[in-house]
$ cat run25.pdb   # PDB, C-alpha atoms
ATOM      1  CA  MET A   1     110.065  81.191 117.654
ATOM      2  CA  ARG A   2     109.095  79.194 114.576
ATOM      3  CA  ARG A   3     111.874  77.128 113.003
ATOM      4  CA  ILE A   4     111.620  77.336 109.225
ATOM      5  CA  LEU A   5     113.582  75.476 106.567
ATOM      6  CA  VAL A   6     114.005  77.174 103.204
ATOM      7  CA  LYS A   7     115.118  74.805 100.465
ATOM      8  CA  GLY A   8     117.186  76.437  97.755
ATOM      9  CA  ALA A   9     119.758  79.229  97.895
ATOM     10  CA  GLY A  10     118.923  80.899  94.609
ATOM     11  CA  VAL A  11     117.404  84.348  94.495
ATOM     12  CA  ALA A  12     113.955  83.065  95.500
ATOM     13  CA  GLY A  13     115.235  81.166  98.519
ATOM     14  CA  LEU A  14     117.457  83.973  99.770
ATOM     15  CA  THR A  15     114.793  86.654  99.461
ATOM     16  CA  VAL A  16     112.258  84.415 101.212
ATOM     17  CA  ALA A  17     114.779  83.750 103.989
ATOM     18  CA  HIS A  18     115.312  87.468 104.413
ATOM     19  CA  GLU A  19     111.605  88.237 104.697
ATOM     20  CA  LEU A  20     111.108  85.464 107.228
ATOM     21  CA  ALA A  21     114.120  86.409 109.345
ATOM     22  CA  ALA A  22     113.047  90.059 109.287
ATOM     23  CA  ARG A  23     109.721  88.965 110.790
ATOM     24  CA  GLY A  24     111.400  87.130 113.627
ATOM     25  CA  ALA A  25     111.557  83.534 112.394
ATOM     26  CA  SER A  26     114.465  81.175 112.999
ATOM     27  CA  VAL A  27     115.533  80.336 109.444
ATOM     28  CA  THR A  28     117.775  77.644 107.989
ATOM     29  CA  VAL A  29     118.609  77.619 104.270
ATOM     30  CA  ALA A  30     119.481  74.255 102.715
ATOM     31  CA  GLU A  31     121.269  74.068  99.362
ATOM     32  CA  ILE A  32     122.291  70.942  97.438
ATOM     33  CA  ARG A  33     125.386  72.685  96.064
ATOM     34  CA  SER A  34     128.558  73.243  98.034
ATOM     35  CA  GLN A  35     128.255  77.041  98.063
ATOM     36  CA  ILE A  36     126.257  80.021  96.820
ATOM     37  CA  GLY A  37     126.209  80.093  93.027
ATOM     38  CA  GLY A  38     126.056  77.760  90.070
ATOM     39  CA  ASN A  39     122.285  77.943  89.638
ATOM     40  CA  ALA A  40     120.089  79.859  87.202
ATOM     41  CA  SER A  41     120.176  82.922  89.482
ATOM     42  CA  TRP A  42     123.973  82.998  89.189
ATOM     43  CA  LEU A  43     123.669  83.307  85.400
ATOM     44  CA  ALA A  44     120.922  85.939  85.372
ATOM     45  CA  GLY A  45     121.094  89.368  83.788
ATOM     46  CA  GLY A  46     120.039  91.152  86.968
ATOM     47  CA  MET A  47     117.798  93.644  85.180
ATOM     48  CA  LEU A  48     115.127  95.256  87.341
ATOM     49  CA  ALA A  49     113.100  96.235  84.312
ATOM     50  CA  PRO A  50     109.365  95.733  84.846
ATOM     51  CA  TRP A  51     108.247  98.085  82.060
ATOM     52  CA  CYS A  52     110.535  96.544  79.436
ATOM     53  CA  GLU A  53     109.395  93.070  80.451
ATOM     54  CA  ARG A  54     105.785  94.084  79.815
ATOM     55  CA  GLU A  55     106.577  93.704  76.105
ATOM     56  CA  SER A  56     106.257  89.937  76.441
ATOM     57  CA  ALA A  57     104.760  89.484  79.915
ATOM     58  CA  GLU A  58     101.466  90.049  81.694
ATOM     59  CA  GLU A  59     100.655  93.267  83.555
ATOM     60  CA  ALA A  60     101.218  91.358  86.801
ATOM     61  CA  VAL A  61     104.967  91.487  86.132
ATOM     62  CA  VAL A  62     104.831  95.287  86.257
ATOM     63  CA  THR A  63     102.614  95.296  89.333
ATOM     64  CA  LEU A  64     104.766  92.838  91.241
ATOM     65  CA  GLY A  65     108.119  94.107  90.011
ATOM     66  CA  LYS A  66     107.914  97.892  90.034
ATOM     67  CA  THR A  67     109.148  98.176  93.632
ATOM     68  CA  SER A  68     111.881  95.542  93.357
ATOM     69  CA  ALA A  69     114.688  98.078  92.846
ATOM     70  CA  ASP A  70     113.616  99.777  96.086
ATOM     71  CA  TRP A  71     113.707  96.435  97.934
ATOM     72  CA  TRP A  72     117.171  95.563  96.675
ATOM     73  CA  GLU A  73     118.531  99.031  97.411
ATOM     74  CA  ARG A  74     117.032  98.992 100.892
ATOM     75  CA  THR A  75     118.361  95.509 101.606
ATOM     76  CA  LEU A  76     121.779  95.852  99.945
ATOM     77  CA  PRO A  77     122.603  99.568  99.750
ATOM     78  CA  GLY A  78     124.929 100.515  96.949
ATOM     79  CA  LEU A  79     124.458  97.446  94.742
ATOM     80  CA  VAL A  80     121.628  98.802  92.582
ATOM     81  CA  THR A  81     122.425 101.005  89.586
ATOM     82  CA  ARG A  82     119.497 103.253  88.665
ATOM     83  CA  ALA A  83     120.471 104.286  85.154
ATOM     84  CA  GLY A  84     117.427 103.068  83.235
ATOM     85  CA  THR A  85     117.301 100.794  80.198
ATOM     86  CA  LEU A  86     118.044 101.778  76.612
ATOM     87  CA  VAL A  87     116.186  99.903  73.858
ATOM     88  CA  VAL A  88     117.485 100.298  70.309
ATOM     89  CA  ALA A  89     117.000  98.835  66.852
ATOM     90  CA  HIS A  90     118.673  99.316  63.515
ATOM     91  CA  ALA A  91     116.762 101.300  60.890
ATOM     92  CA  ARG A  92     115.747  98.147  59.042
ATOM     93  CA  ASP A  93     114.068  96.894  62.230
ATOM     94  CA  ALA A  94     112.115 100.076  62.994
ATOM     95  CA  PHE A  95     108.923  98.020  63.078
ATOM     96  CA  GLU A  96     110.308  96.046  66.035
ATOM     97  CA  LEU A  97     110.876  99.280  67.938
ATOM     98  CA  ALA A  98     107.330 100.455  67.195
ATOM     99  CA  ARG A  99     105.933  97.101  68.321
ATOM    100  CA  PHE A 100     107.954  97.229  71.555
ATOM    101  CA  ALA A 101     106.730 100.759  72.246
ATOM    102  CA  ALA A 102     103.110  99.751  71.651
ATOM    103  CA  ARG A 103     103.318  96.994  74.255
ATOM    104  CA  THR A 104     105.112  98.987  76.963
ATOM    105  CA  ARG A 105     104.970 102.340  78.755
ATOM    106  CA  ALA A 106     106.993 104.607  81.052
ATOM    107  CA  TYR A 107     109.572 105.343  78.357
ATOM    108  CA  GLU A 108     110.905 108.336  76.482
ATOM    109  CA  SER A 109     111.373 108.166  72.716
ATOM    110  CA  VAL A 110     114.963 109.181  71.984
ATOM    111  CA  ASN A 111     116.732 110.207  68.806
ATOM    112  CA  GLU A 112     120.296 109.725  67.609
ATOM    113  CA  GLU A 113     121.611 112.696  69.579
ATOM    114  CA  THR A 114     120.019 111.591  72.842
ATOM    115  CA  ILE A 115     121.276 108.042  72.383
ATOM    116  CA  ALA A 116     124.792 109.430  71.946
ATOM    117  CA  ALA A 117     124.403 111.514  75.094
ATOM    118  CA  LEU A 118     123.230 108.487  77.090
ATOM    119  CA  GLU A 119     125.781 106.069  75.652
ATOM    120  CA  PRO A 120     128.649 107.894  73.886
ATOM    121  CA  ASP A 121     130.095 104.648  72.528
ATOM    122  CA  LEU A 122     126.877 104.084  70.575
ATOM    123  CA  ALA A 123     127.039 107.486  68.878
ATOM    124  CA  GLY A 124     126.007 107.294  65.225
ATOM    125  CA  ARG A 125     124.941 103.665  65.438
ATOM    126  CA  PHE A 126     121.197 104.003  66.071
ATOM    127  CA  ARG A 127     118.739 106.643  64.906
ATOM    128  CA  GLN A 128     115.892 105.923  67.318
ATOM    129  CA  GLY A 129     115.348 104.216  70.623
ATOM    130  CA  LEU A 130     113.331 104.021  73.821
ATOM    131  CA  PHE A 131     114.698 105.068  77.191
ATOM    132  CA  PHE A 132     113.060 103.519  80.264
ATOM    133  CA  VAL A 133     114.380 105.992  82.807
ATOM    134  CA  GLY A 134     112.823 104.359  85.890
ATOM    135  CA  GLU A 135     114.499 100.972  85.515
ATOM    136  CA  ALA A 136     117.620  99.646  87.218
ATOM    137  CA  HIS A 137     120.039  96.727  87.294
ATOM    138  CA  LEU A 138     122.439  94.922  89.596
ATOM    139  CA  ASP A 139     125.149  92.274  89.395
ATOM    140  CA  PRO A 140     123.412  89.007  90.402
ATOM    141  CA  ARG A 141     126.569  87.375  91.730
ATOM    142  CA  ARG A 142     127.472  90.270  93.965
ATOM    143  CA  ALA A 143     123.850  90.504  95.092
ATOM    144  CA  LEU A 144     123.545  86.806  95.965
ATOM    145  CA  GLU A 145     126.793  86.792  97.921
ATOM    146  CA  ALA A 146     125.948  90.031  99.711
ATOM    147  CA  LEU A 147     122.450  88.820 100.558
ATOM    148  CA  ALA A 148     123.856  85.580 101.956
ATOM    149  CA  GLY A 149     126.222  87.628 104.116
ATOM    150  CA  GLU A 150     123.344  89.795 105.328
ATOM    151  CA  LEU A 151     121.348  86.673 106.197
ATOM    152  CA  ARG A 152     124.209  85.236 108.233
ATOM    153  CA  ALA A 153     124.401  88.523 110.134
ATOM    154  CA  MET A 154     120.669  88.135 110.869
ATOM    155  CA  GLY A 155     121.273  84.664 112.318
ATOM    156  CA  VAL A 156     120.220  82.564 109.338
ATOM    157  CA  VAL A 157     121.987  79.187 109.190
ATOM    158  CA  PHE A 158     123.171  77.722 105.887
ATOM    159  CA  LEU A 159     123.410  73.984 105.237
ATOM    160  CA  PHE A 160     125.337  73.058 102.098
ATOM    161  CA  GLU A 161     125.291  69.512 100.712
ATOM    162  CA  ALA A 162     123.103  68.513 103.654
ATOM    163  CA  GLY A 163     121.565  65.054 103.826
ATOM    164  CA  GLU A 164     117.878  64.440 104.450
ATOM    165  CA  ALA A 165     118.512  63.697 108.126
ATOM    166  CA  ALA A 166     119.599  67.291 108.660
ATOM    167  CA  LEU A 167     116.415  68.609 107.069
ATOM    168  CA  SER A 168     113.952  67.271 109.634
ATOM    169  CA  GLY A 169     112.534  68.761 112.814
ATOM    170  CA  PHE A 170     111.378  72.092 111.353
ATOM    171  CA  ASP A 171     107.978  73.671 111.948
ATOM    172  CA  GLN A 172     107.613  74.671 108.315
ATOM    173  CA  VAL A 173     109.309  73.947 104.994
ATOM    174  CA  ILE A 174     109.369  76.442 102.124
ATOM    175  CA  ASP A 175     110.538  74.966  98.838
ATOM    176  CA  CYS A 176     112.330  77.401  96.521
ATOM    177  CA  THR A 177     114.281  74.859  94.492
ATOM    178  CA  GLY A 178     113.097  76.019  91.072
ATOM    179  CA  ILE A 179     113.355  73.524  88.260
ATOM    180  CA  ALA A 180     114.766  70.927  90.657
ATOM    181  CA  ARG A 181     111.332  70.542  92.203
ATOM    182  CA  THR A 182     109.112  67.845  90.723
ATOM    183  CA  ASP A 183     105.932  69.580  89.627
ATOM    184  CA  ASP A 184     103.812  68.494  86.697
ATOM    185  CA  ASP A 185     102.894  72.088  85.891
ATOM    186  CA  LEU A 186     106.467  73.365  85.726
ATOM    187  CA  ARG A 187     108.493  73.399  82.544
ATOM    188  CA  GLY A 188     112.093  74.341  81.893
ATOM    189  CA  VAL A 189     113.078  77.302  79.729
ATOM    190  CA  ARG A 190     116.730  77.187  78.786
ATOM    191  CA  GLY A 191     118.647  80.460  78.763
ATOM    192  CA  GLU A 192     122.183  80.801  77.415
ATOM    193  CA  MET A 193     124.548  83.672  78.145
ATOM    194  CA  LEU A 194     128.030  85.006  77.461
ATOM    195  CA  LEU A 195     130.352  87.058  79.614
ATOM    196  CA  LEU A 196     132.576  89.226  77.422
ATOM    197  CA  HIS A 197     135.472  91.528  78.266
ATOM    198  CA  THR A 198     136.627  94.455  76.185
ATOM    199  CA  CYS A 199     138.094  97.821  77.118
ATOM    200  CA  GLU A 200     136.925  99.226  73.780
ATOM    201  CA  VAL A 201     133.314  99.652  74.926
ATOM    202  CA  SER A 202     131.746 101.418  77.888
ATOM    203  CA  LEU A 203     128.050 101.227  78.736
ATOM    204  CA  ALA A 204     126.279 102.842  81.675
ATOM    205  CA  ARG A 205     123.110 100.763  81.562
ATOM    206  CA  PRO A 206     121.552  97.648  79.996
ATOM    207  CA  VAL A 207     121.080  97.966  76.252
ATOM    208  CA  ARG A 208     118.455  95.873  74.493
ATOM    209  CA  LEU A 209     118.824  95.349  70.763
ATOM    210  CA  LEU A 210     115.571  94.474  69.029
ATOM    211  CA  HIS A 211     115.653  92.057  66.128
ATOM    212  CA  PRO A 212     112.880  89.914  64.621
ATOM    213  CA  ARG A 213     114.828  86.685  65.245
ATOM    214  CA  HIS A 214     117.684  87.374  67.664
ATOM    215  CA  PRO A 215     116.909  90.107  70.196
ATOM    216  CA  ILE A 216     119.522  90.392  72.939
ATOM    217  CA  TYR A 217     120.415  92.436  75.966
ATOM    218  CA  ILE A 218     123.860  93.552  77.049
ATOM    219  CA  VAL A 219     124.313  94.340  80.732
ATOM    220  CA  PRO A 220     127.462  96.148  81.899
ATOM    221  CA  ARG A 221     129.413  94.614  84.763
ATOM    222  CA  ALA A 222     132.542  95.743  86.567
ATOM    223  CA  ASP A 223     135.884  96.310  84.787
ATOM    224  CA  HIS A 224     134.527  96.404  81.220
ATOM    225  CA  HIS A 225     132.797  93.035  81.476
ATOM    226  CA  PHE A 226     129.455  92.582  79.729
ATOM    227  CA  MET A 227     126.814  89.933  80.180
ATOM    228  CA  VAL A 228     125.137  89.098  76.852
ATOM    229  CA  GLY A 229     121.907  87.136  76.892
ATOM    230  CA  ALA A 230     119.731  85.435  76.561
ATOM    231  CA  THR A 231     118.140  82.753  74.520
ATOM    232  CA  MET A 232     114.743  81.341  75.476
ATOM    233  CA  ILE A 233     114.507  77.706  74.437
ATOM    234  CA  GLU A 234     111.700  75.432  75.572
ATOM    235  CA  SER A 235     113.913  72.766  77.076
ATOM    236  CA  ASP A 236     115.129  71.566  80.464
ATOM    237  CA  HIS A 237     118.455  70.453  79.007
ATOM    238  CA  ASP A 238     121.255  72.133  80.953
ATOM    239  CA  GLY A 239     124.181  71.075  78.771
ATOM    240  CA  PRO A 240     126.757  73.530  77.373
ATOM    241  CA  ILE A 241     125.801  76.393  75.094
ATOM    242  CA  THR A 242     125.207  75.360  71.493
ATOM    243  CA  ALA A 243     127.281  76.607  68.567
ATOM    244  CA  ARG A 244     124.187  78.168  67.014
ATOM    245  CA  SER A 245     123.357  80.179  70.148
ATOM    246  CA  LEU A 246     126.974  81.226  70.591
ATOM    247  CA  MET A 247     127.111  82.577  67.046
ATOM    248  CA  GLU A 248     123.748  84.319  67.340
ATOM    249  CA  LEU A 249     124.660  86.054  70.589
ATOM    250  CA  LEU A 250     128.060  87.113  69.269
ATOM    251  CA  ASN A 251     126.610  88.370  65.992
ATOM    252  CA  ALA A 252     123.975  90.383  67.829
ATOM    253  CA  ALA A 253     126.559  91.859  70.206
ATOM    254  CA  TYR A 254     128.680  92.805  67.185
ATOM    255  CA  ALA A 255     125.619  94.541  65.733
ATOM    256  CA  VAL A 256     125.445  96.723  68.852
ATOM    257  CA  HIS A 257     129.129  97.647  68.606
ATOM    258  CA  PRO A 258     131.836  96.150  66.345
ATOM    259  CA  ALA A 259     134.355  96.152  69.197
ATOM    260  CA  PHE A 260     132.489  93.193  70.692
ATOM    261  CA  GLY A 261     133.871  91.199  67.771
ATOM    262  CA  GLU A 262     137.321  91.444  69.353
ATOM    263  CA  ALA A 263     136.149  90.910  72.936
ATOM    264  CA  GLU A 264     137.429  88.064  75.077
ATOM    265  CA  ILE A 265     134.880  85.350  75.834
ATOM    266  CA  VAL A 266     135.370  85.041  79.574
ATOM    267  CA  GLU A 267     132.517  82.631  80.253
ATOM    268  CA  THR A 268     129.557  80.892  78.696
ATOM    269  CA  GLY A 269     126.660  79.648  80.758
ATOM    270  CA  VAL A 270     123.345  77.837  80.600
ATOM    271  CA  GLY A 271     120.555  78.116  83.132
ATOM    272  CA  VAL A 272     117.192  76.363  83.111
ATOM    273  CA  ARG A 273     114.495  78.676  84.387
ATOM    274  CA  PRO A 274     111.305  77.252  85.930
ATOM    275  CA  ALA A 275     108.053  78.446  84.397
ATOM    276  CA  TYR A 276     104.365  77.668  84.754
ATOM    277  CA  PRO A 277     102.130  77.609  81.658
ATOM    278  CA  ASP A 278     101.253  81.317  82.006
ATOM    279  CA  ASN A 279     104.880  82.316  82.791
ATOM    280  CA  LEU A 280     103.776  83.840  86.110
ATOM    281  CA  PRO A 281     105.131  82.806  89.522
ATOM    282  CA  ARG A 282     103.134  81.132  92.251
ATOM    283  CA  VAL A 283     103.192  80.908  96.023
ATOM    284  CA  MET A 284     101.220  77.837  97.107
ATOM    285  CA  ARG A 285     100.677  75.561 100.074
ATOM    286  CA  ARG A 286     100.837  71.884  99.183
ATOM    287  CA  LYS A 287      98.698  69.173 100.784
ATOM    288  CA  ASP A 288     101.633  68.128 102.939
ATOM    289  CA  GLY A 289     101.895  71.684 104.318
ATOM    290  CA  THR A 290     104.976  72.670 102.324
ATOM    291  CA  ILE A 291     104.869  76.165 100.889
ATOM    292  CA  THR A 292     106.349  76.494  97.407
ATOM    293  CA  VAL A 293     107.697  79.591  95.699
ATOM    294  CA  ASN A 294     108.361  78.811  92.075
ATOM    295  CA  GLY A 295     107.880  79.672  88.428
ATOM    296  CA  LEU A 296     109.806  82.961  88.387
ATOM    297  CA  TYR A 297     110.747  82.256  84.754
ATOM    298  CA  ARG A 298     113.047  85.036  83.472
ATOM    299  CA  HIS A 299     112.055  87.454  86.251
ATOM    300  CA  GLY A 300     113.933  86.072  89.237
ATOM    301  CA  PHE A 301     115.560  89.226  90.614
ATOM    302  CA  LEU A 302     112.637  91.368  89.494
ATOM    303  CA  LEU A 303     109.843  89.371  91.149
ATOM    304  CA  SER A 304     111.494  87.549  94.049
ATOM    305  CA  PRO A 305     110.958  90.382  96.587
ATOM    306  CA  ALA A 306     107.206  90.416  95.945
ATOM    307  CA  MET A 307     106.954  86.628  96.008
ATOM    308  CA  ALA A 308     108.973  86.490  99.240
ATOM    309  CA  ASP A 309     106.524  88.923 100.802
ATOM    310  CA  GLN A 310     103.623  86.725  99.689
ATOM    311  CA  ALA A 311     105.281  83.634 101.159
ATOM    312  CA  ALA A 312     105.861  85.401 104.485
ATOM    313  CA  SER A 313     102.253  86.626 104.492
ATOM    314  CA  LEU A 314     100.981  83.123 103.811
ATOM    315  CA  LEU A 315     103.025  81.794 106.704
ATOM    316  CA  PHE A 316     102.429  84.517 109.280
ATOM    317  CA  ASN A 317      99.093  86.056 108.340
ATOM    318  CA  SER A 318      96.309  83.545 107.908
ATOM    319  CA  SER A 319      93.889  86.344 107.065
ATOM    320  CA  ALA A 320      95.838  86.957 103.864
ATOM    321  CA  ASN A 321      94.002  83.953 102.346
ATOM    322  CA  LEU A 322      96.770  83.126  99.917
ATOM    323  CA  GLU A 323      96.598  79.334 100.089
ATOM    324  CA  SER A 324      95.109  78.846  96.656
ATOM    325  CA  ASP A 325      95.735  82.199  95.083
ATOM    326  CA  ASN A 326      98.359  84.893  94.756
ATOM    327  CA  GLU A 327      98.673  88.372  93.391
ATOM    328  CA  ALA A 328      99.946  87.207  90.026
ATOM    329  CA  ASP A 329      96.843  85.071  89.494
ATOM    330  CA  ARG A 330      94.523  87.920  90.461
ATOM    331  CA  GLN A 331      96.269  90.320  88.115
ATOM    332  CA  ARG A 332      95.997  87.818  85.287
ATOM    333  CA  ARG A 333      92.271  87.293  85.771
ATOM    334  CA  SER A 334      91.539  91.021  85.945
ATOM    335  CA  ALA A 335      93.606  91.828  82.829
TER
END
$ encode --input "run25.pdb" --output "structure tokens"
Amino acid sequence: MRRILVKGAGVAGLTVAHELAARGASVTVAEIRSQIGGNASWLAGGMLAPWCERESAEEAVVTLGKTSADWWERTLPGLVTRAGTLVVAHARDAFELARFAARTRAYESVNEETIAALEPDLAGRFRQGLFFVGEAHLDPRRALEALAGELRAMGVVFLFEAGEAALSGFDQVIDCTGIARTDDDLRGVRGEMLLLHTCEVSLARPVRLLHPRHPIYIVPRADHHFMVGATMIESDHDGPITARSLMELLNAAYAVHPAFGEAEIVETGVGVRPAYPDNLPRVMRRKDGTITVNGLYRHGFLLSPAMADQAASLLFNSSANLESDNEADRQRRSA
């Protein structure tokens, strides 16, 4: 049995560990933190929304991500909510809605009455929208903790705050450490988020508000909590949220529903997401034999199942010929 070390316990590392363990490998996951959480995955929106993401991403994101909801539901039954995504814009920003529609597919155009039927608390607030019925979402924190529990049940060993001496003696190393990995091609993209609480609003699904300067998404969580995100700033600075971003996110949330103006700010967070120049992920084998899974950008939960499968194929199936290529690259070249 091959002994494999997976570095990093974010969503990439945990999904890779699951694919390897499911194929019979002896897997150890090493994490520099003291427990699951605290990384960019912990602060994610958890939207499994490949068709919405096509608005600003390559077709490869749809190809690689369209089965992710199935993977998560199969792996962690009951944690995926399949309620679609609602995209809205105020009348003055109708052009933004038309632009979004032109760059995406697999949606239904909805009017004011349909929006009210989907989300009663938004009744009368938006005249037009797009409903992506096939999309889904999950709570990243519940998913990460549940996946770690599933891995332990499969025999995966976790090493927290482990020194280098404990990381030797493995047949293969797979590096899933994200922005922590030194790679000249990687850059950091800072994302800031809020967690709000208000009993005055109920949402059944993620709602994306389009705006020419400050588009946001609001993702419902348990007990009337709402994750509001997310900025995209070309920076690897992981300091606290800025006053400007805080005001922009709050103003945009208020524009979705005025009750968010009275919501409690439960948490603010900043995550630095690793991205390659084309914003597509890569699975690669380095000269020293280490396999890397990185560059998931803003698509961690959406693309990690597909990238984990590629990493497992690279390790176990030499005929896959993935050493210098991956599906994302092929999709990009054929687009």
$ resolve_selection --input "run25.pdb" --expression "the PyMOL selection byres ((chain A and resi 158-174) around 8)" --output "PDB file with C-alpha atoms, in the frame of the given file"
ATOM      1  CA  ARG A   2     109.095  79.194 114.576  1.00  0.00           C
ATOM      2  CA  ARG A   3     111.874  77.128 113.003  1.00  0.00           C
ATOM      3  CA  ILE A   4     111.620  77.336 109.225  1.00  0.00           C
ATOM      4  CA  LEU A   5     113.582  75.476 106.567  1.00  0.00           C
ATOM      5  CA  VAL A   6     114.005  77.174 103.204  1.00  0.00           C
ATOM      6  CA  LYS A   7     115.118  74.805 100.465  1.00  0.00           C
ATOM      7  CA  THR A  28     117.775  77.644 107.989  1.00  0.00           C
ATOM      8  CA  VAL A  29     118.609  77.619 104.270  1.00  0.00           C
ATOM      9  CA  ALA A  30     119.481  74.255 102.715  1.00  0.00           C
ATOM     10  CA  GLU A  31     121.269  74.068  99.362  1.00  0.00           C
ATOM     11  CA  ILE A  32     122.291  70.942  97.438  1.00  0.00           C
ATOM     12  CA  ARG A  33     125.386  72.685  96.064  1.00  0.00           C
ATOM     13  CA  SER A  34     128.558  73.243  98.034  1.00  0.00           C
ATOM     14  CA  GLN A  35     128.255  77.041  98.063  1.00  0.00           C
ATOM     15  CA  ARG A 152     124.209  85.236 108.233  1.00  0.00           C
ATOM     16  CA  VAL A 156     120.220  82.564 109.338  1.00  0.00           C
ATOM     17  CA  VAL A 157     121.987  79.187 109.190  1.00  0.00           C
ATOM     18  CA  ASP A 175     110.538  74.966  98.838  1.00  0.00           C
ATOM     19  CA  CYS A 176     112.330  77.401  96.521  1.00  0.00           C
ATOM     20  CA  GLY A 289     101.895  71.684 104.318  1.00  0.00           C
ATOM     21  CA  THR A 290     104.976  72.670 102.324  1.00  0.00           C
ATOM     22  CA  ILE A 291     104.869  76.165 100.889  1.00  0.00           C
ATOM     23  CA  THR A 292     106.349  76.494  97.407  1.00  0.00           C
ATOM     24  CA  VAL A 293     107.697  79.591  95.699  1.00  0.00           C
TER      25      VAL A 293
END
$ closest_atom_pairs --input "run25.pdb" --of "region 128-243 of chain A" --to "region 99-120 of chain A" --cutoff "9 Å" --atoms "all atoms listed in the file" --output "Markdown table"
| residue | atom | partner | partner_atom | distance |
| --- | --- | --- | --- | --- |
| A:Gln128 | CA | A:Asn111 | CA | 4.6 |
| A:Gly129 | CA | A:Val110 | CA | 5.2 |
| A:Leu130 | CA | A:Ser109 | CA | 4.7 |
| A:Phe131 | CA | A:Glu108 | CA | 5.1 |
| A:Phe132 | CA | A:Tyr107 | CA | 4.4 |
| A:Val133 | CA | A:Tyr107 | CA | 6.6 |
| A:Gly134 | CA | A:Ala106 | CA | 7.6 |
| A:Ser202 | CA | A:Glu119 | CA | 7.9 |
| A:Leu203 | CA | A:Glu119 | CA | 6.2 |
| A:Ala204 | CA | A:Glu119 | CA | 6.9 |
| A:Arg205 | CA | A:Glu119 | CA | 8.4 |
| A:Leu210 | CA | A:Phe100 | CA | 8.5 |
$ closest_residue --input "run25.pdb" --among "A:Leu122, A:Met47, A:Ala243, A:Ala94" --to "Arg221 (chain A)" --atoms "all atoms listed in the file"
A:Met47
$ residues_around --input "run25.pdb" --residues "Ala252 (chain A)" --least-positions-apart "4" --cutoff "7 Å" --atoms "all atoms listed in the file" --output "ChimeraX atom specification"
/A:214,216,248,256
$ atom_distance --input "run25.pdb" --atom1 "CA of Thr231 (chain A)" --atom2 "CA of Ser41 (chain A)"
15.1 Å
$ resolve_selection --input "run25.pdb" --expression "the PyMOL selection byres ((chain A and resi 38) around 10)" --output "PyMOL selection string"
chain A and resi 10+33-37+39-43+141+269-271
$ atom_distance --input "run25.pdb" --atom1 "CA of Ala136 (chain A)" --atom2 "CA of Val16 (chain A)"
21.4 Å
$ decode --input "run25.pdb" --residues "region 60-69 of chain A" --atoms "N, CA, C and O atoms" --output "compact mmCIF listing (two decimals), in the first residue's frame"
# COMPACT_ATOMS: atom_id res chain seq x y z
N ALA A 60 -13.82 26.02 -19.13
CA ALA A 60 -13.30 24.90 -18.35
C ALA A 60 -13.91 24.85 -16.96
O ALA A 60 -14.07 23.78 -16.38
N VAL A 61 -14.27 26.01 -16.40
CA VAL A 61 -14.87 26.03 -15.07
C VAL A 61 -16.22 25.31 -15.09
O VAL A 61 -16.57 24.59 -14.15
N VAL A 62 -16.98 25.49 -16.16
CA VAL A 62 -18.25 24.77 -16.29
C VAL A 62 -17.99 23.28 -16.46
O VAL A 62 -18.60 22.43 -15.80
N THR A 63 -17.07 22.95 -17.35
CA THR A 63 -16.78 21.55 -17.63
C THR A 63 -16.31 20.80 -16.39
O THR A 63 -16.77 19.70 -16.09
N LEU A 64 -15.41 21.42 -15.65
CA LEU A 64 -14.85 20.77 -14.47
C LEU A 64 -15.78 20.83 -13.27
O LEU A 64 -15.72 19.98 -12.38
N GLY A 65 -16.66 21.83 -13.22
CA GLY A 65 -17.45 22.04 -12.02
C GLY A 65 -18.88 21.56 -12.07
O GLY A 65 -19.55 21.51 -11.03
N LYS A 66 -19.38 21.16 -13.22
CA LYS A 66 -20.82 20.87 -13.32
C LYS A 66 -21.25 19.62 -12.58
O LYS A 66 -22.44 19.45 -12.31
N THR A 67 -20.31 18.75 -12.21
CA THR A 67 -20.67 17.56 -11.43
C THR A 67 -20.26 17.67 -9.96
O THR A 67 -20.36 16.71 -9.22
N SER A 68 -19.80 18.86 -9.55
CA SER A 68 -19.29 18.99 -8.18
C SER A 68 -20.39 18.79 -7.15
O SER A 68 -20.16 18.19 -6.09
N ALA A 69 -21.60 19.30 -7.41
CA ALA A 69 -22.69 19.12 -6.45
C ALA A 69 -22.98 17.65 -6.24
O ALA A 69 -23.25 17.20 -5.11
